[in-house]
file target_37.txt (compact mmCIF, C-alpha atoms)
# COMPACT_ATOMS: atom_id res chain seq x y z
CA MET A 1 79.38 86.09 74.45
CA LYS A 2 83.09 86.77 74.12
CA THR A 3 84.35 89.67 76.20
CA ASP A 4 87.36 91.89 75.70
CA PHE A 5 88.67 91.51 79.25
CA LEU A 6 88.07 89.02 82.03
CA ILE A 7 89.07 90.64 85.34
CA VAL A 8 89.88 88.14 88.10
CA GLY A 9 89.37 89.71 91.53
CA GLN A 10 86.94 92.40 92.65
CA GLY A 11 89.15 94.14 95.16
CA LEU A 12 90.11 97.77 94.77
CA ALA A 13 92.46 97.08 91.85
CA GLY A 14 90.04 94.86 89.94
CA SER A 15 87.06 97.13 90.56
CA LEU A 16 88.72 100.36 89.44
CA LEU A 17 90.39 98.78 86.41
CA ALA A 18 87.14 97.10 85.32
CA TYR A 19 85.23 100.34 85.79
CA GLU A 20 87.79 102.32 83.78
CA LEU A 21 87.60 99.82 80.90
CA ILE A 22 83.79 99.73 80.97
CA LYS A 23 83.62 103.54 80.81
CA ARG A 24 85.77 103.39 77.69
CA GLY A 25 83.37 101.03 75.96
CA HIS A 26 85.20 97.74 76.41
CA ALA A 27 83.28 94.54 77.07
CA VAL A 28 84.33 93.41 80.54
CA ARG A 29 83.44 90.53 82.81
CA ILE A 30 84.61 90.49 86.42
CA ILE A 31 84.69 87.41 88.63
CA ASP A 32 85.47 87.07 92.31
CA SER A 33 85.42 84.20 94.78
CA GLY A 34 83.61 86.26 97.43
CA ASN A 35 86.34 85.55 99.98
CA PRO A 36 85.97 88.08 102.85
CA ASP A 37 89.67 87.76 103.68
CA THR A 38 91.05 90.09 101.06
CA SER A 39 93.43 92.99 101.51
CA SER A 40 90.81 95.45 100.25
CA GLN A 41 88.19 94.24 102.72
CA LYS A 42 90.57 94.51 105.68
CA ALA A 43 92.56 97.66 104.85
CA ALA A 44 91.97 100.95 106.67
CA GLY A 45 91.91 102.79 103.33
CA LEU A 46 94.16 105.64 104.48
CA TYR A 47 96.02 107.82 101.98
CA ASN A 48 98.90 110.08 102.97
CA PRO A 49 101.49 111.84 100.78
CA VAL A 50 104.28 111.94 103.40
CA THR A 51 105.17 108.53 104.82
CA GLY A 52 107.86 106.25 106.18
CA ARG A 53 110.16 106.41 109.16
CA LYS A 54 112.07 109.26 107.57
CA MET A 55 108.84 111.03 106.55
CA VAL A 56 109.53 111.50 102.86
CA VAL A 57 107.22 112.56 100.05
CA THR A 58 105.85 109.35 98.63
CA TRP A 59 106.41 108.13 95.06
CA LEU A 60 104.39 110.06 92.43
CA ALA A 61 102.85 112.29 95.12
CA ASN A 62 102.46 115.31 92.84
CA GLU A 63 100.66 113.23 90.20
CA LEU A 64 98.45 111.41 92.68
CA PHE A 65 97.17 113.35 95.64
CA ALA A 66 95.79 116.60 94.26
CA HIS A 67 93.30 114.60 92.17
CA LEU A 68 92.26 111.91 94.68
CA PRO A 69 89.41 113.77 96.43
CA ASP A 70 87.71 114.66 93.15
CA TYR A 71 88.26 111.14 91.82
CA TYR A 72 86.56 109.48 94.79
CA ARG A 73 83.83 112.13 95.05
CA ASN A 74 82.96 111.54 91.41
CA LEU A 75 82.86 107.79 92.07
CA GLU A 76 80.49 108.38 94.99
CA ASN A 77 78.17 110.37 92.71
CA GLU A 78 78.31 107.82 89.90
CA LEU A 79 77.77 104.81 92.20
CA GLY A 80 75.26 106.51 94.49
CA ALA A 81 77.22 105.65 97.62
CA SER A 82 79.27 107.30 100.36
CA PHE A 83 82.74 105.98 101.15
CA HIS A 84 85.30 108.81 100.96
CA GLN A 85 86.39 111.40 103.52
CA SER A 86 89.10 114.06 103.16
CA LEU A 87 90.77 114.69 106.52
CA PRO A 88 94.07 116.29 107.55
CA ILE A 89 96.62 114.18 109.38
CA TYR A 90 98.03 115.62 112.60
CA ARG A 91 101.52 114.37 113.40
CA PRO A 92 102.86 115.38 116.83
CA PHE A 93 106.49 116.37 117.35
CA TYR A 94 108.42 114.50 120.01
CA SER A 95 111.31 116.97 120.33
CA ILE A 96 112.42 120.52 119.53
CA GLU A 97 114.83 118.99 117.00
CA GLU A 98 111.95 117.37 115.14
CA LEU A 99 110.02 120.64 115.15
CA ASN A 100 113.03 122.37 113.62
CA ASP A 101 113.38 119.61 111.04
CA TRP A 102 109.78 120.11 109.94
CA MET A 103 110.31 123.86 109.75
CA GLY A 104 113.00 123.07 107.22
CA LYS A 105 110.68 120.74 105.32
CA ALA A 106 108.13 123.55 105.10
CA ASP A 107 110.63 125.53 103.00
CA ASP A 108 111.29 122.55 100.72
CA ILE A 109 109.37 122.77 97.44
CA ARG A 110 108.82 119.00 97.47
CA PHE A 111 106.91 119.17 100.76
CA GLN A 112 105.08 122.48 100.40
CA PRO A 113 101.90 121.14 98.72
CA PHE A 114 101.40 118.70 101.58
CA ILE A 115 102.24 120.73 104.70
CA GLY A 116 99.46 122.68 106.33
CA GLN A 117 99.51 124.45 109.67
CA MET A 118 102.56 124.07 111.92
CA HIS A 119 101.77 124.00 115.64
CA THR A 120 104.66 124.96 117.90
CA GLU A 121 102.83 124.03 121.09
CA CYS A 122 100.39 121.32 122.08
CA LEU A 123 96.78 121.51 120.88
CA GLY A 124 95.48 121.04 124.41
CA ILE A 125 93.42 117.97 123.53
CA PRO A 126 93.10 115.81 126.66
CA HIS A 127 95.27 112.67 126.54
CA LEU A 128 96.77 113.46 123.13
CA LEU A 129 100.55 113.39 123.55
CA ASP A 130 101.92 116.32 121.58
CA PRO A 131 104.11 118.28 124.05
CA TYR A 132 105.98 120.12 121.29
CA GLY A 133 103.04 120.67 118.95
CA GLY A 134 102.85 119.03 115.55
CA VAL A 135 102.31 119.41 111.83
CA GLU A 136 99.10 119.07 109.87
CA LEU A 137 99.50 117.26 106.57
CA ARG A 138 97.19 118.11 103.67
CA GLN A 139 95.79 116.10 100.74
CA CYS A 140 95.07 113.19 103.10
CA GLY A 141 91.99 111.15 103.91
CA TYR A 142 90.55 107.67 103.72
CA VAL A 143 88.27 105.46 101.68
CA ASN A 144 85.87 103.03 103.36
CA LEU A 145 86.89 100.15 101.11
CA PRO A 146 84.18 97.62 102.07
CA ALA A 147 81.54 100.27 101.26
CA LEU A 148 83.24 101.11 97.95
CA LEU A 149 83.48 97.43 96.96
CA ALA A 150 79.82 96.82 97.87
CA ALA A 151 78.81 99.79 95.69
CA PHE A 152 80.89 98.46 92.81
CA ARG A 153 79.46 94.99 93.16
CA SER A 154 75.96 96.44 92.91
CA TYR A 155 77.04 98.39 89.83
CA PHE A 156 78.61 95.34 88.18
CA ASP A 157 75.57 93.19 89.04
CA LYS A 158 73.22 95.78 87.56
CA ASN A 159 75.22 95.79 84.35
CA GLY A 160 75.36 91.99 84.19
CA VAL A 161 79.15 91.78 84.21
CA TYR A 162 79.80 90.23 87.64
CA GLU A 163 79.82 86.62 88.77
CA GLN A 164 80.82 85.22 92.13
CA VAL A 165 82.82 82.16 91.21
CA HIS A 166 86.20 80.73 92.09
CA PHE A 167 88.58 81.05 89.16
CA SER A 168 90.01 77.71 88.10
CA PHE A 169 93.24 77.82 86.15
CA GLU A 170 92.23 74.55 84.49
CA SER A 171 88.91 75.95 83.20
CA LYS A 172 89.64 76.41 79.52
CA HIS A 173 86.29 78.10 78.84
CA LEU A 174 87.15 80.99 81.16
CA TYR A 175 90.16 81.76 78.99
CA ALA A 176 88.32 81.09 75.75
CA GLU A 177 85.49 83.52 76.45
CA ALA A 178 87.77 86.57 76.80
CA GLN A 179 90.32 88.20 74.55
CA LYS A 180 92.52 88.88 77.57
CA VAL A 181 92.54 87.83 81.22
CA ILE A 182 93.89 90.28 83.83
CA PHE A 183 94.63 88.99 87.31
CA CYS A 184 93.88 91.39 90.15
CA ASP A 185 93.93 88.69 92.81
CA GLY A 186 95.87 90.54 95.51
CA PRO A 187 97.74 88.38 98.04
CA PHE A 188 96.23 85.22 96.54
CA VAL A 189 98.64 85.65 93.61
CA THR A 190 100.89 83.12 95.33
CA ASP A 191 98.49 80.42 94.04
CA ASN A 192 98.57 81.80 90.49
CA PRO A 193 100.72 79.64 88.18
CA TRP A 194 101.18 82.52 85.73
CA TRP A 195 102.52 84.99 88.26
CA ASN A 196 103.60 83.12 91.41
CA ARG A 197 107.29 83.45 90.55
CA LEU A 198 107.21 87.23 90.84
CA PRO A 199 109.10 88.60 93.86
CA PHE A 200 106.08 89.43 95.97
CA ARG A 201 106.65 90.10 99.66
CA PRO A 202 103.18 89.86 101.24
CA VAL A 203 102.87 91.61 104.59
CA ARG A 204 100.39 90.88 107.36
CA GLY A 205 98.96 93.86 109.22
CA GLU A 206 96.78 94.06 112.32
CA VAL A 207 94.43 96.91 113.13
CA LEU A 208 92.35 97.69 116.21
CA ASP A 209 88.97 99.35 116.48
CA ILE A 210 88.67 101.39 119.68
CA ARG A 211 86.27 103.87 121.24
CA CYS A 212 87.80 106.85 122.96
CA GLU A 213 87.28 110.56 123.59
CA LEU A 214 89.13 112.43 120.86
CA PRO A 215 87.94 115.01 118.31
CA THR A 216 87.11 113.34 115.01
CA ASP A 217 88.00 116.20 112.67
CA ARG A 218 91.44 114.82 111.83
CA ILE A 219 93.54 111.67 111.61
CA TYR A 220 96.25 111.30 114.27
CA ASN A 221 99.48 109.63 113.23
CA ARG A 222 102.60 108.99 115.24
CA GLY A 223 103.83 105.41 115.63
CA VAL A 224 100.27 104.36 114.82
CA PHE A 225 97.46 106.05 112.93
CA MET A 226 94.16 106.79 114.62
CA LEU A 227 91.51 107.07 111.91
CA PRO A 228 88.02 108.25 112.96
CA ARG A 229 85.15 106.38 111.34
CA ASP A 230 81.64 105.25 112.23
CA GLY A 231 81.84 106.23 115.89
CA PHE A 232 85.20 104.62 116.66
CA PHE A 233 88.87 104.97 115.80
CA ARG A 234 90.72 102.46 113.64
CA VAL A 235 94.27 102.08 114.93
CA GLY A 236 97.04 100.54 112.85
CA SER A 237 99.05 98.98 111.73
CA THR A 238 101.68 96.29 112.00
CA TYR A 239 104.01 95.03 109.26
CA ASP A 240 104.97 91.36 109.53
CA HIS A 241 106.04 88.88 106.87
CA SER A 242 105.04 85.84 108.92
CA PRO A 243 102.76 84.24 109.62
CA LEU A 244 100.71 85.33 106.59
CA THR A 245 97.38 84.77 108.24
CA PHE A 246 94.12 86.69 108.26
CA GLU A 247 93.73 85.99 111.98
CA PRO A 248 94.96 88.75 114.32
CA GLN A 249 98.03 87.71 116.28
CA ALA A 250 98.46 88.43 119.99
CA LYS A 251 101.94 89.80 119.36
CA GLY A 252 100.67 92.26 116.77
CA ILE A 253 97.78 93.42 118.96
CA ALA A 254 100.13 93.97 121.90
CA GLU A 255 102.54 95.89 119.67
CA LEU A 256 99.78 98.25 118.50
CA GLN A 257 98.56 98.82 122.05
CA GLN A 258 102.09 99.64 123.18
CA ARG A 259 102.69 102.05 120.29
CA LEU A 260 99.31 103.68 120.94
CA THR A 261 100.44 104.70 124.45
CA LYS A 262 102.99 107.07 122.88
CA LEU A 263 100.26 108.96 121.05
CA PHE A 264 97.24 108.67 123.37
CA ASP A 265 97.29 107.96 127.11
CA GLY A 266 93.56 108.03 127.86
CA ARG A 267 91.09 105.23 128.48
CA TYR A 268 89.63 103.39 125.51
CA GLU A 269 87.38 100.45 124.77
CA LEU A 270 88.78 97.77 122.47
CA VAL A 271 85.91 97.01 120.08
CA ALA A 272 87.48 94.66 117.53
CA THR A 273 90.74 93.37 116.11
CA ARG A 274 91.39 92.29 112.56
CA ALA A 275 94.23 91.37 110.24
CA GLY A 276 94.86 91.46 106.52
CA VAL A 277 97.62 90.57 104.10
CA ARG A 278 98.93 93.27 101.78
CA PRO A 279 100.10 92.23 98.28
CA ALA A 280 103.43 94.04 98.63
CA THR A 281 106.40 93.59 96.30
CA ALA A 282 110.16 93.39 96.84
CA ASP A 283 110.80 96.87 95.43
CA ARG A 284 107.52 98.40 96.69
CA ARG A 285 106.27 99.07 93.18
CA PRO A 286 103.23 97.45 91.55
CA TYR A 287 103.30 94.82 88.82
CA ILE A 288 101.39 95.85 85.71
CA GLY A 289 101.49 94.38 82.22
CA TRP A 290 101.44 91.16 80.21
CA HIS A 291 103.04 87.77 80.60
CA PRO A 292 106.13 87.34 78.39
CA GLN A 293 104.95 83.93 77.22
CA ASN A 294 101.31 84.85 76.66
CA ASN A 295 100.27 88.44 75.92
CA ALA A 296 96.65 87.54 76.60
CA VAL A 297 97.43 87.08 80.32
CA GLY A 298 97.88 90.29 82.31
CA ILE A 299 98.48 91.41 85.87
CA PHE A 300 97.40 94.48 87.84
CA ASN A 301 98.62 93.85 91.37
CA GLY A 302 101.20 94.59 94.03
CA PHE A 303 99.96 97.98 95.27
CA GLY A 304 100.72 97.10 98.89
CA ALA A 305 99.63 99.60 101.53
CA LYS A 306 99.23 102.45 99.03
CA GLY A 307 96.45 101.05 96.84
CA VAL A 308 93.97 103.83 97.61
CA SER A 309 96.34 106.44 96.16
CA LEU A 310 98.02 104.38 93.41
CA VAL A 311 95.19 102.36 91.84
CA PRO A 312 93.16 105.30 90.43
CA TYR A 313 96.23 106.65 88.62
CA PHE A 314 97.43 103.29 87.31
CA SER A 315 93.99 102.02 86.27
CA LYS A 316 93.78 104.99 83.88
CA LEU A 317 97.38 104.54 82.74
CA PHE A 318 96.90 100.80 82.10
CA ALA A 319 93.71 101.50 80.15
CA ASP A 320 95.57 104.12 78.12
CA THR A 321 98.33 101.58 77.47
CA ILE A 322 95.81 98.97 76.36
CA GLU A 323 94.39 101.49 73.88
CA GLY A 324 97.85 102.39 72.59
CA LYS A 325 97.77 105.92 74.02
CA SER A 326 100.57 105.54 76.55
CA ILE A 327 103.10 103.13 78.02
CA ILE A 328 103.40 101.69 81.51
CA LEU A 329 105.94 103.43 83.71
CA ARG A 330 109.14 101.42 83.83
CA GLU A 331 109.03 101.36 87.65
CA ALA A 332 105.63 99.63 87.51
CA ASP A 333 106.00 97.48 84.39
CA VAL A 334 106.06 93.79 85.30
CA SER A 335 108.71 93.25 82.62
CA ARG A 336 111.28 94.82 84.96
CA VAL A 337 111.45 91.62 87.02
CA LEU A 338 110.86 89.01 84.30
call {"tool": "encode", "arguments": {"input": "target_37.txt", "output": "C-alpha cells"}}
result
Amino acid sequence: MKTDFLIVGQGLAGSLLAYELIKRGHAVRIIDSGNPDTSSQKAAGLYNPVTGRKMVVTWLANELFAHLPDYYRNLENELGASFHQSLPIYRPFYSIEELNDWMGKADDIRFQPFIGQMHTECLGIPHLLDPYGGVELRQCGYVNLPALLAAFRSYFDKNGVYEQVHFSFESKHLYAEAQKVIFCDGPFVTDNPWWNRLPFRPVRGEVLDIRCELPTDRIYNRGVFMLPRDGFFRVGSTYDHSPLTFEPQAKGIAELQQRLTKLFDGRYELVATRAGVRPATADRRPYIGWHPQNNAVGIFNGFGAKGVSLVPYFSKLFADTIEGKSIILREADVSRVL
C-alpha cells in the first residue's frame, strides 16, 4: 500500500514528526535500523531556556518553553508512559559580580519568564559549591528519551506503521511505496547521498552517571549539569568534534570529573559512562525542507543539543507547511544553505 510519507529514523525527530502527521490523518510508515548508538538514545534530554557561556535566552524561547510541559504531559497520557519531569535548574554564582549581573537580568523583560527565585547566600546543601548563592531558572526539565522512544515504538507497532530495517538508498521500492521520503537520520546523515553535503558539524558528548548525596528536587548546572533520575545523577556534558565515536573517551571523562569538582566536592560513585554524537549544524539551526533536485525527498534534522525543546515546535510547523498552512522559518529552512 502506498503511503504519504516514509520517515527514515525513529529518534526524537522522526518519532514526533511521524506522530504529528499520523494525528492529522496522513498515511505514514516509519523505518529504523534499531541501532542503539543514536543521539536520542544517548542524550540526557535536558531542556533549558537560558544557555551558553554568556547565559543568554535561547532561540525561540518564548515560543517554545511555556508549552513544553503540557506537550510532553499530553504525550505521556496518549502513549500511556512516563518520561517527562519538570524541574527547576539551580545555577550557583561564583562571585558578587555575577550575582549583580543576574540581578540586572531579572529586570530584563527577555529573561523575566525564565528567572525564578534569586538566592543571595548559599543554600546550605552539604558539598554543593554555591558560596554566593545562585539563581533558579524556570520552565526547565528533562525527557527520558529512551523511555519516550520505546513508548513510540510500541505505538507505531500497534498501528502497523513501524518496521525495523536498514534503509538502503539503492532500494527503489522504498522510494516507490511513498509519496515523499523524509530523512530524520540524525548523525548518520553523513552517509546520506541526498544530504551529506550539508554543513553539519556533529559533536561528540560524554556523560557520567554517578550516585551521590544531593537533594533531587532540582537540576544543578554550573560547568556541568547534574540531572537527577532513577536514583542517580547524570552529569554532562562534553563538546568535541573528534573523534566522532560512540565510545566514551578517557579525556572527556576526565574533563567532566574535573568540572564537577567546581560544583560538587563530595564523594560519589561512578556508575556508568556513555557517549553520543549530536547532529549539530554549522549555524546551530536545524535543516528542514525538501531537496532542490527532488521535492519528494525531505529532511528533518540538525537539532543538535536542543532537540527536546525544538522538535515539538518544528514538527507541528513542518506538518503545517506540508498542508499549505504555513512556511518554514527562514532560519531553519534547508534552502538557506543549498
call {"tool": "atom_distance", "arguments": {"input": "target_37.txt", "atom1": "CA of Glu163 in chain A", "atom2": "CA of Ala18 in chain A"}}
result
13.2 Å
call {"tool": "closest_residue", "arguments": {"input": "target_37.txt", "among": "A:Arg73, A:Arg284, A:Lys42, A:Arg91", "to": "Gly205 in chain A", "atoms": "all atoms listed in the file"}}
result
A:Lys42
call {"tool": "residues_near_point", "arguments": {"input": "target_37.txt", "point": "(89.6, 90.1, 108.4)", "cutoff": "7 Å", "atoms": "all atoms listed in the file", "output": "list in words"}}
result
Pro36, Asp37, Lys42, Phe246, Glu247, Arg274, Ala275 and Gly276 of chain A
call {"tool": "residues_around", "arguments": {"input": "target_37.txt", "residues": "Tyr47 in chain A", "least_positions_apart": "3", "cutoff": "10 Å", "atoms": "only C-alpha atoms", "output": "ChimeraX atom specification"}}
result
/A:44,50-51,65,68,86-87,89,139-143,305-310
call {"tool": "write_last_selection", "arguments": {"input": "target_37.txt", "atoms": "C-alpha atoms", "output": "mmCIF file, keeping the file's coordinate frame"}}
result
data_model
loop_
_atom_site.group_PDB
_atom_site.id
_atom_site.type_symbol
_atom_site.label_atom_id
_atom_site.label_comp_id
_atom_site.auth_asym_id
_atom_site.auth_seq_id
_atom_site.Cartn_x
_atom_site.Cartn_y
_atom_site.Cartn_z
ATOM 1 C CA ALA A 44 91.970 100.950 106.670
ATOM 2 C CA VAL A 50 104.280 111.940 103.400
ATOM 3 C CA THR A 51 105.170 108.530 104.820
ATOM 4 C CA PHE A 65 97.170 113.350 95.640
ATOM 5 C CA LEU A 68 92.260 111.910 94.680
ATOM 6 C CA SER A 86 89.100 114.060 103.160
ATOM 7 C CA LEU A 87 90.770 114.690 106.520
ATOM 8 C CA ILE A 89 96.620 114.180 109.380
ATOM 9 C CA GLN A 139 95.790 116.100 100.740
ATOM 10 C CA CYS A 140 95.070 113.190 103.100
ATOM 11 C CA GLY A 141 91.990 111.150 103.910
ATOM 12 C CA TYR A 142 90.550 107.670 103.720
ATOM 13 C CA VAL A 143 88.270 105.460 101.680
ATOM 14 C CA ALA A 305 99.630 99.600 101.530
ATOM 15 C CA LYS A 306 99.230 102.450 99.030
ATOM 16 C CA GLY A 307 96.450 101.050 96.840
ATOM 17 C CA VAL A 308 93.970 103.830 97.610
ATOM 18 C CA SER A 309 96.340 106.440 96.160
ATOM 19 C CA LEU A 310 98.020 104.380 93.410
#
call {"tool": "residues_around", "arguments": {"input": "target_37.txt", "residues": "Arg53 in chain A", "least_positions_apart": "3", "cutoff": "12 Å", "atoms": "only C-alpha atoms", "output": "list in words"}}
result
Val50, Val56, Val57, Thr58, Asn221, Arg222, Gly223 and Val224 of chain A
call {"tool": "atom_distance", "arguments": {"input": "target_37.txt", "atom1": "CA of Ile30 in chain A", "atom2": "CA of Cys184 in chain A"}}
result
10.0 Å
call {"tool": "atom_distance", "arguments": {"input": "target_37.txt", "atom1": "CA of Arg138 in chain A", "atom2": "CA of Ser237 in chain A"}}
result
20.8 Å
call {"tool": "axis_aligned_box", "arguments": {"input": "target_37.txt", "around": "range 245-259 of chain A", "padding_each_side": "3 Å", "output": "AutoDock Vina command-line options"}}
result
--center_x 98.2 --center_y 93.4 --center_z 115.7 --size_x 15.0 --size_y 23.3 --size_z 20.9
call {"tool": "closest_residue", "arguments": {"input": "target_37.txt", "among": "A:Glu63, A:His241, A:Val203, A:Ile96", "to": "Phe303 in chain A", "atoms": "all atoms listed in the file"}}
result
A:Val203
call {"tool": "closest_residue", "arguments": {"input": "target_37.txt", "among": "A:Met118, A:Leu256, A:Ile219, A:Ala106", "to": "Thr273 in chain A", "atoms": "all atoms listed in the file"}}
result
A:Leu256
call {"tool": "closest_residue", "arguments": {"input": "target_37.txt", "among": "A:Gly25, A:Lys325, A:Tyr162, A:Val277", "to": "Phe188 in chain A", "atoms": "all atoms listed in the file"}}
result
A:Val277
call {"tool": "closest_residue", "arguments": {"input": "target_37.txt", "among": "A:Gly80, A:Pro248, A:Pro146, A:Pro286", "to": "Trp59 in chain A", "atoms": "all atoms listed in the file"}}
result
A:Pro286
call {"tool": "residues_around", "arguments": {"input": "target_37.txt", "residues": "Asn295 in chain A", "least_positions_apart": "2", "cutoff": "12 Å", "atoms": "only C-alpha atoms", "output": "PDB file with C-alpha atoms, in the frame of the given file"}}
result
ATOM      1  CA  GLN A 179      90.320  88.200  74.550  1.00  0.00           C
ATOM      2  CA  LYS A 180      92.520  88.880  77.570  1.00  0.00           C
ATOM      3  CA  VAL A 181      92.540  87.830  81.220  1.00  0.00           C
ATOM      4  CA  ILE A 182      93.890  90.280  83.830  1.00  0.00           C
ATOM      5  CA  TRP A 194     101.180  82.520  85.730  1.00  0.00           C
ATOM      6  CA  GLY A 289     101.490  94.380  82.220  1.00  0.00           C
ATOM      7  CA  TRP A 290     101.440  91.160  80.210  1.00  0.00           C
ATOM      8  CA  HIS A 291     103.040  87.770  80.600  1.00  0.00           C
ATOM      9  CA  PRO A 292     106.130  87.340  78.390  1.00  0.00           C
ATOM     10  CA  GLN A 293     104.950  83.930  77.220  1.00  0.00           C
ATOM     11  CA  VAL A 297      97.430  87.080  80.320  1.00  0.00           C
ATOM     12  CA  GLY A 298      97.880  90.290  82.310  1.00  0.00           C
ATOM     13  CA  ILE A 299      98.480  91.410  85.870  1.00  0.00           C
ATOM     14  CA  ILE A 322      95.810  98.970  76.360  1.00  0.00           C
ATOM     15  CA  SER A 335     108.710  93.250  82.620  1.00  0.00           C
TER      16      SER A 335
END
call {"tool": "closest_residue", "arguments": {"input": "target_37.txt", "among": "A:Pro279, A:Gly52, A:Pro199, A:Gly324", "to": "Asp185 in chain A", "atoms": "only C-alpha atoms"}}
result
A:Pro279
call {"tool": "residues_around", "arguments": {"input": "target_37.txt", "residues": "Leu21 in chain A", "least_positions_apart": "3", "cutoff": "12 Å", "atoms": "all atoms listed in the file", "output": "list in words"}}
result
Thr3, Asp4, Phe5, Leu6, Ile7, Gly14, Ser15, Leu16, Leu17, Ala18, Arg24, Gly25, His26, Ala27, Val28, Arg29, Ile30, Ile182, Ser315, Lys316, Leu317, Phe318, Ala319, Asp320, Thr321, Ile322 and Glu323 of chain A
call {"tool": "residues_near_point", "arguments": {"input": "target_37.txt", "point": "(98.2, 106.7, 124.2)", "cutoff": "12 Å", "atoms": "only C-alpha atoms", "output": "number ranges by chain"}}
result
A: 126-130, 210, 212-214, 220-226, 235, 256-268
call {"tool": "write_last_selection", "arguments": {"input": "target_37.txt", "atoms": "C-alpha atoms", "output": "compact mmCIF listing (two decimals), keeping the file's coordinate frame"}}
result
# COMPACT_ATOMS: atom_id res chain seq x y z
CA PRO A 126 93.10 115.81 126.66
CA HIS A 127 95.27 112.67 126.54
CA LEU A 128 96.77 113.46 123.13
CA LEU A 129 100.55 113.39 123.55
CA ASP A 130 101.92 116.32 121.58
CA ILE A 210 88.67 101.39 119.68
CA CYS A 212 87.80 106.85 122.96
CA GLU A 213 87.28 110.56 123.59
CA LEU A 214 89.13 112.43 120.86
CA TYR A 220 96.25 111.30 114.27
CA ASN A 221 99.48 109.63 113.23
CA ARG A 222 102.60 108.99 115.24
CA GLY A 223 103.83 105.41 115.63
CA VAL A 224 100.27 104.36 114.82
CA PHE A 225 97.46 106.05 112.93
CA MET A 226 94.16 106.79 114.62
CA VAL A 235 94.27 102.08 114.93
CA LEU A 256 99.78 98.25 118.50
CA GLN A 257 98.56 98.82 122.05
CA GLN A 258 102.09 99.64 123.18
CA ARG A 259 102.69 102.05 120.29
CA LEU A 260 99.31 103.68 120.94
CA THR A 261 100.44 104.70 124.45
CA LYS A 262 102.99 107.07 122.88
CA LEU A 263 100.26 108.96 121.05
CA PHE A 264 97.24 108.67 123.37
CA ASP A 265 97.29 107.96 127.11
CA GLY A 266 93.56 108.03 127.86
CA ARG A 267 91.09 105.23 128.48
CA TYR A 268 89.63 103.39 125.51
call {"tool": "residues_around", "arguments": {"input": "target_37.txt", "residues": "Pro312 in chain A", "least_positions_apart": "6", "cutoff": "10 Å", "atoms": "all atoms listed in the file", "output": "ChimeraX atom specification"}}
result
/A:12-13,16-17,20,64,67-68,71-72
